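A short write-up of the structure that comes next.
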Amino acid sequence: MNSYYAFIKTIETGSFTKAAEELGYTQSAISQMVHSLEEELSTTLILRSRKGLTLTPDGEEFLPYIRKIYHSHRELTEKHKEMEGLQSGLIRIGTFSSVTCHWIPGLIKDFKELYPIVHFELHQGNYTEISNWIKEGSVDFGFVNSNVSDLTTIPLQKDEMVAVMPVDHPLTSFTEVSLEELLKDPYILLDEGSDT
């Protein structure tokens, strides 16, 4: 599985050196792991050039399968630990900046008091990315907009949608404004995913 993760991490970081730093290996060891995976699959997965690393067409084809195998292996390992009664493991969470800053630290602190050996891996993205990570198994769960139809969701917080406008704007005299009213003027929308 190490060669699979070395390949995934090399693509994610765009560099053998950065992948080595994150995984605690030498750059040479990461390169050898990726090479052994290429030999196993009888193809070239990564093109190396002065501009950096790019996936070959075969690399593009194999990447989703390699990710699935790697994540399934991790789930199997976690299940094995759970069945042995070990209260250790890794929890992978898909999150976005405001949740990472305001909720996660307190939740992790409380959880670690009960299960000190459990580790956390945070993947930060937008709603769309987090939904995709959940579907492909890159994270165990994530914080998403409740409008996601093809995932099981549990509402945790209801957030108020607000518009910020100049003091002299005609709509400031209302306590509530419809989206239709807001659409009559130019506006700036935060880029937090395609469904917000």
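To be explicit about the labels: the chains of the structure tokens are called A, B, and onward in the order shown, and within each one the residues are counted from 1, while ligands get numbers from 1 in the order they are shown.
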
- Query: Ser28 in chain A: which residues within 12 Å, counting only C-alpha atoms, same-chain residues fewer than 4 positions away excluded, as an MDAnalysis selection string?
  - Reply: chainID A and resid 6 15:21 24 32:35

- Message: Among range 46-130 of chain A, which residues does DSSP mark as alpha helix (DSSP H) when it is run on the backbone? Keep the chain and numbering as in the structure and answer as a PyMOL selection string.
- Response: chain A and resi 57-83+97-102+104-114+127-130

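Every protein, DNA or RNA residue with an atom at most 8 Å from Lys68 in chain A, where only C-alpha atoms count and chain neighbours fewer than 4 positions away do not, is listed here: A:Pro64, A:Ser72, A:Glu136, A:Gly137.
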
- Task: Kindly indicate which residue among A:Phe96, A:Phe143, A:Tyr4, A:Phe111 lies nearest to Gln124 in chain A, using only C-alpha atoms for the distances.
- Result: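 Nearest candidate to Gln124 in chain A out of A:Phe96, A:Phe143, A:Tyr4, A:Phe111: A:Phe96.
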
- Message: Set the distance at 12 Å and use only C-alpha atoms: which residues neighbour Thr175 in chain A once local chain neighbours fewer than 3 positions away are removed? I'd like the list as a PyMOL selection string.
- Response: chain A and resi 162-163+170-172+178

Next, write the just-selected residues to a file, as a compact mmCIF listing (two decimals), in the first residue's frame, keeping N, CA, C and O atoms as the atom set.
# COMPACT_ATOMS: atom_id res chain seq x y z
N VAL A 162 -27.20 36.22 5.06
CA VAL A 162 -27.30 37.68 5.17
C VAL A 162 -26.68 38.36 3.97
O VAL A 162 -25.86 37.78 3.25
N ALA A 163 -27.11 39.58 3.73
CA ALA A 163 -26.54 40.42 2.67
C ALA A 163 -25.99 41.68 3.33
O ALA A 163 -26.61 42.26 4.23
N PRO A 170 -31.83 51.19 -0.49
CA PRO A 170 -33.28 51.13 -0.24
C PRO A 170 -33.74 49.89 0.55
O PRO A 170 -34.74 49.96 1.27
N LEU A 171 -33.01 48.78 0.44
CA LEU A 171 -33.44 47.55 1.12
C LEU A 171 -33.11 47.52 2.62
O LEU A 171 -33.57 46.63 3.34
N THR A 172 -32.33 48.47 3.10
CA THR A 172 -31.96 48.46 4.52
C THR A 172 -33.14 48.76 5.45
O THR A 172 -33.06 48.49 6.64
N SER A 178 -36.11 39.15 0.17
CA SER A 178 -36.13 37.91 -0.62
C SER A 178 -34.93 37.89 -1.58
O SER A 178 -34.36 38.93 -1.91

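In this structure, CA of His123 in chain A sits 23.6 Å away from CA of Gly52 in chain A.
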